[in-house]
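Presented below is the structure to which this report refers.
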Amino acid sequence: MANHEEQFKKLIAHAKEYGFIFPSSEIYDGLAAVYDYGQYGVELKNNIRQYWWKSMVQMHENIVGIDSAIFMHPTIWKASGHVDAFNDPMIDNKDSKKRYRADVLIEDYCAKIEDKINKEIEKAEKRFGDSFDREQFVTTNPRVLEYQRKITDTLHRMNAGLENNLADVKALIEELEIACPISGSRNWTDIRQFNLMFSTQIGSLSEEANTIYLRPETAQGIFVNFLNVQKTSRMKVPFGIAQTGKAFRNEIVARQFVFRMREFEQMEMQFFVRPGTEIEWFEYWKKVRMEWHQSLGIPAEKFRFHDHEKLSHYANAATDIQFEFLFGFKELEGIHSRTDFDLKQHQEFSGKKMQYFDPELNESYIPYVVETSIGLDRTCLAMLSYAYNEEVLDDGSTRVVMKLPPILAPYKIAILPLVKKDGMPEKAREIMDTLKQDFMCQYDEKDAIGRRYRRQDAIGTPFCITVDTQTLEDNTVTIRYRDSMQQDRIAISEIANVVRKNFVSLHNI
Ligand code: GAP
């Protein structure tokens, strides 16, 4: 774990040093859990958003996109349940005065037990070598079983307490002897509910002022536009509406870089289906979304499903797609079968019918909804964590290389004249002009070629094109592949094809 923590610190430092992600308002000492994307970070983020949008909207004839406003009528949040129930259980340590989420304290406790399980597995793996059967070990080893039982019991009790009585959750924290990581003491306050929505005033005159909220999810903008979109696009159930955009939550625990932010971006899709078919569609979207994650070339074992034991009042099925971040497996995307809860609530609170007339059944109903909801910033973090590699090369030197999937890399091609003379810069610029309409290209003529390669490795540019004397004679260049560092000689006219061949085909997902 210490190694992972070290690795995580290095990643955060690299993200800042190389213009991916900066702390917000840094010259004023920053603002907790708020970050700015730099020149490379914004390209990565745009590429992820576009890859998601293309696979969800462009590749599905029955899904369309919208862009709804961040400010919405305040009654929407009453109807959705956010005013009354979008709370986190908060607990303070009386000695350090630090505030925590009670459920996170307990989950961290369980994560430590999980580390112990992993250590047992590692030890056994070493002991048994090739004959080690992991599945058999974790299902029969008494110590592992005891640890697993402890985790299941603890989470079960926590969920029951969160639902019924917060005093039970405090009692559990005391019984588990969970101490404040800062003060080391177990001197806790009672647990209180803390609403995560930010509010502000709309209207220029105070007597007109009205409290409104910064949206904590983009989904409600889709629900309230459901009939507008259905009627104007003549969509038939089943169909989906997608959108990406900012969401805001006043998170109690602000940590883990862009994993948990107070201002972040979501990519959500609500899929409207006939009542009674929602579980089928839930299973469908589980599969499709997992394929999307794996389509980018990240090994399958880095992802897993985590089915919700405790369902929200509006859901009849829910799962998370978790990614193995440097601090363990954590939620990256949520897939929820939300029943007809939201549309029904909006029908009740607005007094407007939210029904759909199904021409095949010749009847009207409120559709059920399956939603896929993924954090864009978390996906950036997942990509950066996976891509960050420190490699020792054959000559003993080291390089930091961001092995980002080419389709997501901020710059696709670096164009490098071998030397800054003899017509090479002009030729390099000419090549760049033919490519820059289709690809993000970067021109670099400063320093020795080796150092320029390293700079491109550090920002994840998958292809470096070097222009040398031979280029001037026969219109060929060397193409250097970031991951293998292999170099090939190809015709200038072939560059675009070679680059495109390395992009993921959306037909495969
Ligand atoms: N509409 C459903 C919804 O908002 P959620 O599980 O609360 O569900 C969906 O959020 C996704 O949004 C999460 O899986 C996560 O990737 C991202 N997310 C949620 N809170 C976040 C935060 N504070 N910072 C960054 N990403 C967040």
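Each chain in the structure tokens gets a letter, A, B, ..., in the order shown, and its residues are numbered from 1; ligands are numbered from 1 in order too.
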Selection: 7 Å around Gln322 in chain A, only C-alpha atoms, excl. self and same-chain fewer than 6 positions, as number ranges by chain: A: 303-306, 329-333
Could you dump the residues just selected with N, CA, C and O atoms as a PDB file, in the first residue's frame?
ATOM      1  N   PHE A 303     -11.145  -4.034 -13.662  1.00  0.00           N
ATOM      2  CA  PHE A 303     -12.539  -3.627 -13.458  1.00  0.00           C
ATOM      3  C   PHE A 303     -13.298  -4.741 -12.758  1.00  0.00           C
ATOM      4  O   PHE A 303     -13.000  -5.920 -12.955  1.00  0.00           O
ATOM      5  N   ARG A 304     -14.300  -4.364 -11.990  1.00  0.00           N
ATOM      6  CA  ARG A 304     -15.198  -5.394 -11.444  1.00  0.00           C
ATOM      7  C   ARG A 304     -16.556  -4.761 -11.154  1.00  0.00           C
ATOM      8  O   ARG A 304     -16.668  -3.542 -10.991  1.00  0.00           O
ATOM      9  N   PHE A 305     -17.572  -5.600 -11.100  1.00  0.00           N
ATOM     10  CA  PHE A 305     -18.889  -5.121 -10.692  1.00  0.00           C
ATOM     11  C   PHE A 305     -18.989  -5.175  -9.177  1.00  0.00           C
ATOM     12  O   PHE A 305     -18.426  -6.071  -8.543  1.00  0.00           O
ATOM     13  N   HIS A 306     -19.705  -4.225  -8.634  1.00  0.00           N
ATOM     14  CA  HIS A 306     -19.991  -4.279  -7.195  1.00  0.00           C
ATOM     15  C   HIS A 306     -21.491  -4.026  -7.053  1.00  0.00           C
ATOM     16  O   HIS A 306     -21.950  -2.887  -7.196  1.00  0.00           O
ATOM     17  N   PHE A 329      -9.926  -0.783  -5.257  1.00  0.00           N
ATOM     18  CA  PHE A 329     -11.089  -0.799  -6.150  1.00  0.00           C
ATOM     19  C   PHE A 329     -12.130   0.203  -5.657  1.00  0.00           C
ATOM     20  O   PHE A 329     -12.567   0.138  -4.511  1.00  0.00           O
ATOM     21  N   LYS A 330     -12.519   1.142  -6.526  1.00  0.00           N
ATOM     22  CA  LYS A 330     -13.530   2.143  -6.151  1.00  0.00           C
ATOM     23  C   LYS A 330     -14.448   2.413  -7.336  1.00  0.00           C
ATOM     24  O   LYS A 330     -14.066   2.216  -8.490  1.00  0.00           O
ATOM     25  N   GLU A 331     -15.620   2.963  -7.012  1.00  0.00           N
ATOM     26  CA  GLU A 331     -16.635   3.209  -8.041  1.00  0.00           C
ATOM     27  C   GLU A 331     -16.171   4.182  -9.129  1.00  0.00           C
ATOM     28  O   GLU A 331     -15.661   5.254  -8.843  1.00  0.00           O
ATOM     29  N   LEU A 332     -16.400   3.752 -10.370  1.00  0.00           N
ATOM     30  CA  LEU A 332     -16.115   4.603 -11.521  1.00  0.00           C
ATOM     31  C   LEU A 332     -17.419   4.980 -12.210  1.00  0.00           C
ATOM     32  O   LEU A 332     -17.587   6.095 -12.713  1.00  0.00           O
ATOM     33  N   GLU A 333     -18.337   4.023 -12.241  1.00  0.00           N
ATOM     34  CA  GLU A 333     -19.616   4.242 -12.925  1.00  0.00           C
ATOM     35  C   GLU A 333     -20.723   3.539 -12.145  1.00  0.00           C
ATOM     36  O   GLU A 333     -20.498   2.483 -11.574  1.00  0.00           O
TER      37      GLU A 333
END
Long-range neighbours of range 489-494 of chain A as number ranges by chain, 10 Å cut-off, only C-alpha atoms, 6 positions minimum in chain: A: 431, 434, 465-467, 471, 474-480
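Distance annotation: of A:Lys98, A:Arg149, A:Lys45, A:Arg234, the residue with the minimal separation from Val64 in chain A is A:Arg234; atom set is only C-alpha atoms.
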Do a neighbour search on range 251-263 of chain A at 7 Å with only C-alpha atoms, toss out local chain neighbours closer than 6 positions, and write the hits as a ChimeraX atom specification. /A:32-34,100-101,196,377-378,381
Selected residues written out, N, CA, C and O atoms, as a PDB file, in the first residue's frame:
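Okay, part.pdb is ready:
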ATOM      1  N   ALA A  32     -10.184  23.447  -1.605  1.00  0.00           N
ATOM      2  CA  ALA A  32     -10.239  21.992  -1.388  1.00  0.00           C
ATOM      3  C   ALA A  32     -11.207  21.297  -2.344  1.00  0.00           C
ATOM      4  O   ALA A  32     -12.336  21.746  -2.527  1.00  0.00           O
ATOM      5  N   ALA A  33     -10.723  20.217  -2.931  1.00  0.00           N
ATOM      6  CA  ALA A  33     -11.521  19.344  -3.807  1.00  0.00           C
ATOM      7  C   ALA A  33     -12.016  20.037  -5.077  1.00  0.00           C
ATOM      8  O   ALA A  33     -13.050  19.672  -5.630  1.00  0.00           O
ATOM      9  N   VAL A  34     -11.285  21.067  -5.508  1.00  0.00           N
ATOM     10  CA  VAL A  34     -11.601  21.714  -6.788  1.00  0.00           C
ATOM     11  C   VAL A  34     -10.294  21.760  -7.598  1.00  0.00           C
ATOM     12  O   VAL A  34      -9.236  22.071  -7.057  1.00  0.00           O
ATOM     13  N   TYR A 100     -15.486  13.773   9.191  1.00  0.00           N
ATOM     14  CA  TYR A 100     -15.406  12.572   8.360  1.00  0.00           C
ATOM     15  C   TYR A 100     -16.803  12.117   7.959  1.00  0.00           C
ATOM     16  O   TYR A 100     -17.791  12.472   8.608  1.00  0.00           O
ATOM     17  N   ARG A 101     -16.844  11.285   6.911  1.00  0.00           N
ATOM     18  CA  ARG A 101     -18.086  10.581   6.621  1.00  0.00           C
ATOM     19  C   ARG A 101     -18.049   9.292   7.409  1.00  0.00           C
ATOM     20  O   ARG A 101     -17.086   8.513   7.295  1.00  0.00           O
ATOM     21  N   LEU A 196     -25.738  17.554   0.736  1.00  0.00           N
ATOM     22  CA  LEU A 196     -24.585  17.812  -0.130  1.00  0.00           C
ATOM     23  C   LEU A 196     -24.821  18.875  -1.202  1.00  0.00           C
ATOM     24  O   LEU A 196     -23.904  19.215  -1.941  1.00  0.00           O
ATOM     25  N   ASP A 377     -14.231  12.972 -14.556  1.00  0.00           N
ATOM     26  CA  ASP A 377     -12.949  13.210 -13.869  1.00  0.00           C
ATOM     27  C   ASP A 377     -12.375  11.899 -13.332  1.00  0.00           C
ATOM     28  O   ASP A 377     -11.174  11.670 -13.382  1.00  0.00           O
ATOM     29  N   ARG A 378     -13.277  11.046 -12.820  1.00  0.00           N
ATOM     30  CA  ARG A 378     -12.807   9.746 -12.320  1.00  0.00           C
ATOM     31  C   ARG A 378     -12.240   8.918 -13.457  1.00  0.00           C
ATOM     32  O   ARG A 378     -11.281   8.164 -13.280  1.00  0.00           O
ATOM     33  N   LEU A 381      -8.858  10.107 -14.115  1.00  0.00           N
ATOM     34  CA  LEU A 381      -7.937   9.595 -13.095  1.00  0.00           C
ATOM     35  C   LEU A 381      -7.605   8.124 -13.354  1.00  0.00           C
ATOM     36  O   LEU A 381      -6.452   7.701 -13.230  1.00  0.00           O
TER      37      LEU A 381
END
Long-range neighbours of Val400 in chain A as a list in words, 12 Å cut-off, only C-alpha atoms, 6 positions minimum in chain: Lys10, Leu11, His14, Ala15, Tyr18, Ala387, Tyr388, Asn389, Glu390, Glu391, Val392, Leu393, Arg451, Tyr453, Arg454, Arg455, Gln456, Asp457, Ala458, Ile459, Gly460, Arg482 and Asp483 of chain A
